[in-house]
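S.K.: Provided below: work_15.pdb, containing PDB, C-alpha atoms, pLDDT in the B column.
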ATOM      1  CA  MET A  16     105.446 113.435 100.578  1.00 65.00           C
ATOM      2  CA  PRO A  17     104.529 111.058  97.739  1.00 77.00           C
ATOM      3  CA  GLY A  18     102.084 108.302  98.562  1.00 82.00           C
ATOM      4  CA  PRO A  19     101.971 104.632  97.576  1.00 86.00           C
ATOM      5  CA  ILE A  20     100.129 105.297  94.307  1.00 90.00           C
ATOM      6  CA  PHE A  21     102.788 107.756  93.159  1.00 89.00           C
ATOM      7  CA  HIS A  22     105.594 105.405  94.209  1.00 90.00           C
ATOM      8  CA  THR A  23     103.973 102.528  92.309  1.00 90.00           C
ATOM      9  CA  ILE A  24     103.437 104.556  89.124  1.00 91.00           C
ATOM     10  CA  SER A  25     106.908 106.071  89.218  1.00 90.00           C
ATOM     11  CA  SER A  26     108.424 102.629  89.891  1.00 89.00           C
ATOM     12  CA  TYR A  27     106.581 101.231  86.890  1.00 87.00           C
ATOM     13  CA  ALA A  28     107.845 104.093  84.715  1.00 88.00           C
ATOM     14  CA  PHE A  29     111.392 103.604  85.997  1.00 87.00           C
ATOM     15  CA  LEU A  30     111.226  99.860  85.338  1.00 83.00           C
ATOM     16  CA  ALA A  31     109.767 100.388  81.858  1.00 80.00           C
ATOM     17  CA  LEU A  32     112.481 102.881  80.956  1.00 83.00           C
ATOM     18  CA  THR A  33     115.286 100.672  82.236  1.00 79.00           C
ATOM     19  CA  SER A  34     114.080  97.340  80.812  1.00 72.00           C
ATOM     20  CA  SER A  35     116.804  96.402  78.383  1.00 68.00           C
ATOM     21  CA  SER A  36     115.255  93.856  76.071  1.00 64.00           C
ATOM     22  CA  GLN A  37     111.994  93.308  74.211  1.00 61.00           C
ATOM     23  CA  ARG A  38     111.915  89.724  75.489  1.00 58.00           C
ATOM     24  CA  GLN A  39     112.021  90.932  79.076  1.00 59.00           C
ATOM     25  CA  ARG A  40     109.144  93.365  78.424  1.00 58.00           C
ATOM     26  CA  LYS A  41     107.035  90.618  76.825  1.00 61.00           C
ATOM     27  CA  VAL A  42     107.533  88.358  79.837  1.00 56.00           C
ATOM     28  CA  GLU A  43     106.464  91.193  82.135  1.00 58.00           C
ATOM     29  CA  GLU A  44     103.398  91.938  79.987  1.00 60.00           C
ATOM     30  CA  LYS A  45     102.266  88.287  80.038  1.00 64.00           C
ATOM     31  CA  SER A  46     102.154  88.147  83.810  1.00 75.00           C
ATOM     32  CA  ILE A  47     100.651  91.571  84.473  1.00 76.00           C
ATOM     33  CA  TYR A  48      99.313  90.770  87.948  1.00 80.00           C
ATOM     34  CA  SER A  49     102.548  89.337  89.266  1.00 81.00           C
ATOM     35  CA  THR A  50     104.452  92.242  87.699  1.00 81.00           C
ATOM     36  CA  PHE A  51     102.114  94.743  89.348  1.00 87.00           C
ATOM     37  CA  PHE A  52     102.558  93.017  92.718  1.00 89.00           C
ATOM     38  CA  TYR A  53     106.344  92.982  92.224  1.00 87.00           C
ATOM     39  CA  ILE A  54     106.414  96.703  91.380  1.00 89.00           C
ATOM     40  CA  PHE A  55     104.039  97.586  94.222  1.00 92.00           C
ATOM     41  CA  LEU A  56     106.001  95.507  96.754  1.00 92.00           C
ATOM     42  CA  PHE A  57     109.484  96.766  95.929  1.00 92.00           C
ATOM     43  CA  GLY A  58     108.408 100.300  95.003  1.00 91.00           C
ATOM     44  CA  ASN A  59     106.828 100.771  98.426  1.00 92.00           C
ATOM     45  CA  LEU A  60     109.125  98.585 100.556  1.00 91.00           C
ATOM     46  CA  PRO A  61     110.866 101.527 102.276  1.00 90.00           C
ATOM     47  CA  ASP A  62     107.454 102.627 103.581  1.00 89.00           C
ATOM     48  CA  ILE A  63     107.026  99.379 105.528  1.00 89.00           C
ATOM     49  CA  ASP A  64     107.741 101.432 108.645  1.00 87.00           C
ATOM     50  CA  LEU A  65     104.228 102.896 108.355  1.00 87.00           C
ATOM     51  CA  LEU A  66     102.878  99.497 109.425  1.00 88.00           C
ATOM     52  CA  TRP A  67     105.035  99.515 112.562  1.00 86.00           C
ATOM     53  CA  GLY A  68     103.782 103.002 113.352  1.00 86.00           C
ATOM     54  CA  LEU A  69     100.192 101.945 112.756  1.00 88.00           C
ATOM     55  CA  LEU A  70     100.610  99.106 115.248  1.00 89.00           C
ATOM     56  CA  SER A  71     102.021 101.505 117.847  1.00 88.00           C
ATOM     57  CA  GLY A  72      99.144 103.967 117.438  1.00 88.00           C
ATOM     58  CA  ASP A  73     101.028 106.778 115.685  1.00 87.00           C
ATOM     59  CA  MET A  74     101.303 106.014 111.969  1.00 84.00           C
ATOM     60  CA  PHE A  75     104.163 108.411 111.239  1.00 81.00           C
ATOM     61  CA  ARG A  76     106.157 107.713 114.402  1.00 82.00           C
ATOM     62  CA  TYR A  77     108.845 105.634 112.677  1.00 81.00           C
ATOM     63  CA  HIS A  78     108.324 106.864 109.132  1.00 81.00           C
ATOM     64  CA  ARG A  79     111.440 107.829 107.171  1.00 77.00           C
ATOM     65  CA  LEU A  80     113.832 106.516 109.758  1.00 80.00           C
ATOM     66  CA  TYR A  81     115.920 103.404 109.160  1.00 85.00           C
ATOM     67  CA  THR A  82     113.905 101.982 106.267  1.00 87.00           C
ATOM     68  CA  HIS A  83     114.736 105.115 104.256  1.00 87.00           C
ATOM     69  CA  SER A  84     118.446 104.563 104.783  1.00 89.00           C
ATOM     70  CA  LEU A  85     120.876 103.329 102.152  1.00 91.00           C
ATOM     71  CA  VAL A  86     122.611 101.244 104.809  1.00 91.00           C
ATOM     72  CA  CYS A  87     119.395  99.490 105.863  1.00 90.00           C
ATOM     73  CA  LEU A  88     118.306  98.801 102.284  1.00 91.00           C
ATOM     74  CA  LEU A  89     121.728  97.442 101.416  1.00 93.00           C
ATOM     75  CA  VAL A  90     121.658  95.058 104.399  1.00 92.00           C
ATOM     76  CA  ILE A  91     118.122  93.886 103.524  1.00 91.00           C
ATOM     77  CA  GLN A  92     119.170  93.418  99.889  1.00 93.00           C
ATOM     78  CA  LEU A  93     122.187  91.312 100.882  1.00 94.00           C
ATOM     79  CA  ILE A  94     120.005  89.128 103.110  1.00 93.00           C
ATOM     80  CA  CYS A  95     117.476  88.636 100.294  1.00 92.00           C
ATOM     81  CA  GLU A  96     120.219  87.808  97.797  1.00 91.00           C
ATOM     82  CA  VAL A  97     121.717  85.209 100.133  1.00 92.00           C
ATOM     83  CA  LEU A  98     118.266  83.615 100.494  1.00 92.00           C
ATOM     84  CA  VAL A  99     117.930  83.243  96.710  1.00 91.00           C
ATOM     85  CA  LEU A 100     121.601  82.498  96.007  1.00 87.00           C
ATOM     86  CA  ASP A 101     120.910  79.296  94.061  1.00 88.00           C
ATOM     87  CA  LEU A 102     118.103  80.789  91.957  1.00 88.00           C
ATOM     88  CA  PRO A 103     119.590  83.063  89.254  1.00 85.00           C
ATOM     89  CA  LEU A 104     116.232  84.370  87.975  1.00 82.00           C
ATOM     90  CA  ALA A 105     115.059  85.206  91.491  1.00 86.00           C
ATOM     91  CA  ARG A 106     118.382  86.874  92.278  1.00 86.00           C
ATOM     92  CA  THR A 107     118.003  89.071  89.183  1.00 84.00           C
ATOM     93  CA  ARG A 108     114.461  89.997  90.198  1.00 85.00           C
ATOM     94  CA  VAL A 109     115.630  90.827  93.721  1.00 89.00           C
ATOM     95  CA  ARG A 110     118.343  93.123  92.338  1.00 89.00           C
ATOM     96  CA  ARG A 111     115.906  94.872  90.006  1.00 88.00           C
ATOM     97  CA  GLY A 112     113.437  95.161  92.867  1.00 90.00           C
ATOM     98  CA  PHE A 113     115.962  96.841  95.100  1.00 93.00           C
ATOM     99  CA  PHE A 114     116.738  99.317  92.329  1.00 91.00           C
ATOM    100  CA  LEU A 115     113.072 100.280  92.716  1.00 91.00           C
ATOM    101  CA  CYS A 116     113.668 100.712  96.454  1.00 92.00           C
ATOM    102  CA  TYR A 117     116.629 102.980  95.794  1.00 91.00           C
ATOM    103  CA  PHE A 118     114.500 104.873  93.270  1.00 91.00           C
ATOM    104  CA  HIS A 119     111.906 105.294  96.040  1.00 89.00           C
ATOM    105  CA  LEU A 120     114.555 107.001  98.160  1.00 88.00           C
ATOM    106  CA  LEU A 121     115.511 109.231  95.252  1.00 87.00           C
ATOM    107  CA  VAL A 122     111.885 110.306  94.754  1.00 86.00           C
ATOM    108  CA  ASP A 123     111.500 110.993  98.482  1.00 84.00           C
ATOM    109  CA  LEU A 124     114.776 112.902  98.547  1.00 81.00           C
ATOM    110  CA  PHE A 125     113.653 115.311  95.839  1.00 79.00           C
ATOM    111  CA  SER A 126     110.045 115.757  96.965  1.00 76.00           C
ATOM    112  CA  GLY A 127     108.971 118.493  99.308  1.00 64.00           C
ATOM    113  CA  PRO A 128     107.108 121.772  99.621  1.00 62.00           C
ATOM    114  CA  ALA A 129     109.168 123.464  96.885  1.00 58.00           C
ATOM    115  CA  ILE A 130     107.494 121.320  94.231  1.00 57.00           C
ATOM    116  CA  GLY A 131     104.020 121.266  95.755  1.00 56.00           C
ATOM    117  CA  TRP A 132     104.021 118.293  98.125  1.00 58.00           C
ATOM    118  CA  GLN A 133     102.352 119.006 101.435  1.00 60.00           C
ATOM    119  CA  ALA A 134     105.360 118.221 103.574  1.00 59.00           C
ATOM    120  CA  GLY A 135     109.031 117.696 103.029  1.00 58.00           C
ATOM    121  CA  TYR A 136     111.273 115.876 105.434  1.00 63.00           C
ATOM    122  CA  GLY A 137     114.924 115.030 105.470  1.00 67.00           C
ATOM    123  CA  LEU A 138     116.090 111.501 104.818  1.00 76.00           C
ATOM    124  CA  PRO A 139     118.645 109.761 107.034  1.00 77.00           C
ATOM    125  CA  LEU A 140     120.447 108.279 104.034  1.00 81.00           C
ATOM    126  CA  PHE A 141     123.373 106.952 106.047  1.00 82.00           C
ATOM    127  CA  ALA A 142     121.621 106.006 109.303  1.00 78.00           C
ATOM    128  CA  PRO A 143     122.626 104.419 111.654  1.00 74.00           C
ATOM    129  CA  LEU A 144     126.195 105.438 110.784  1.00 74.00           C
TER     130      LEU A 144
END
Could you spell out this file's structure in structure tokens?

M.R.:
Amino acid sequence: MPGPIFHTISSYAFLALTSSSQRQRKVEEKSIYSTFFYIFLFGNLPDIDLLWGLLSGDMFRYHRLYTHSLVCLLVIQLICEVLVLDLPLARTRVRRGFFLCYFHLLVDLFSGPAIGWQAGYGLPLFAPL
């Protein structure tokens, strides 16, 4: 199971490979701390369930349940996009951020004991359907 450092680095690589313009890359390089926070936040957002587990006393109790679901991420994305409906730049950043969330699911889907990770689990991609 990849940890937050791996998710952050892989999210940065994914974002760097998919950035379309030089202008966009220069803007991201100028504000390196906000870009790092953005990548860390969205790249690790599906693991927010670890905090709920930590509060309940068993850190992995809720891990990889609904927050690792395409349905849940889509609903959260729609809510976030409605909140920033009048701000086109923020809406673009929210969309790009949720691509990092979906990339997180892709990394978790293809990680497991076959490639050397300590544990592999299934993902409920379509939960709660």

S.K.: Output the residue selection produced by the PyMOL selection byres ((chain A and resi 116) around 7) on the file above, formatted as a list in words.

M.R.: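 What the PyMOL selection byres ((chain A and resi 116) around 7) grabs from the file is Phe57, Gly58, Leu60, Pro61, Gly112, Phe113, Phe114, Leu115, Tyr117, Phe118, His119 and Leu120 of chain A.
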
S.K.: How many Å separate CA of Asn59 in chain A from CA of Pro103 in chain A?

M.R.: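 CA of Pro103 in chain A lies 23.7 Å from CA of Asn59 in chain A.
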
S.K.: Quick one: pull the distance between CA of Ser26 in chain A and CA of Gln92 in chain A, Å, one decimal.

M.R.: 17.3 Å

S.K.: Quick one: pull the distance between CA of Leu138 in chain A and CA of Leu80 in chain A, Å, one decimal.

M.R.: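 CA of Leu80 in chain A lies 7.4 Å from CA of Leu138 in chain A.
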
S.K.: Out of A:Asp62, A:Arg110, A:Ser49, A:Pro17, which residue has the shortest atom-to-atom distance to Ser84 in chain A when counting all atoms listed in the file?

M.R.: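 Selected residue with least distance to Ser84 in chain A: A:Asp62.
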
S.K.: Given the point (106.2, 105.8, 104.5) in the file's coordinates, find the residues that have an atom at most 10 Å from it, counting only C-alpha atoms, and give them as an MDAnalysis selection string.

M.R.: chainID A and resid 16:19 59:66 68 74:75 77:80 82:83 123

S.K.: Put those residues in a file: C-alpha atoms, as a CSV table (one decimal), in the coordinates of the input.

M.R.:
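The resulting file, out-v5.csv, is shown below:
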chain,number,residue,atom,x,y,z
A,16,MET,CA,105.4,113.4,100.6
A,17,PRO,CA,104.5,111.1,97.7
A,18,GLY,CA,102.1,108.3,98.6
A,19,PRO,CA,102.0,104.6,97.6
A,59,ASN,CA,106.8,100.8,98.4
A,60,LEU,CA,109.1,98.6,100.6
A,61,PRO,CA,110.9,101.5,102.3
A,62,ASP,CA,107.5,102.6,103.6
A,63,ILE,CA,107.0,99.4,105.5
A,64,ASP,CA,107.7,101.4,108.6
A,65,LEU,CA,104.2,102.9,108.4
A,66,LEU,CA,102.9,99.5,109.4
A,68,GLY,CA,103.8,103.0,113.4
A,74,MET,CA,101.3,106.0,112.0
A,75,PHE,CA,104.2,108.4,111.2
A,77,TYR,CA,108.8,105.6,112.7
A,78,HIS,CA,108.3,106.9,109.1
A,79,ARG,CA,111.4,107.8,107.2
A,80,LEU,CA,113.8,106.5,109.8
A,82,THR,CA,113.9,102.0,106.3
A,83,HIS,CA,114.7,105.1,104.3
A,123,ASP,CA,111.5,111.0,98.5

S.K.: Any chance you could resolve the PyMOL selection byres ((chain A and resi 95) around 12) against this file and give the residues as a list of chain:residue names?

M.R.: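 Written out, the selection comes to A:Leu88, A:Leu89, A:Val90, A:Ile91, A:Gln92, A:Leu93, A:Ile94, A:Glu96, A:Val97, A:Leu98, A:Val99, A:Leu100, A:Asp101, A:Leu102, A:Ala105, A:Arg106, A:Thr107, A:Arg108, A:Val109, A:Arg110, A:Gly112, A:Phe113.
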
S.K.: Calculated over all atoms listed in the file, which of the candidates A:Trp67, A:Tyr48, A:Phe141, A:Phe125 has the smallest distance to Val86 in chain A?

M.R.: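 Checking each of A:Trp67, A:Tyr48, A:Phe141, A:Phe125 against Val86 in chain A, counting all atoms listed in the file, the winner is A:Phe141.
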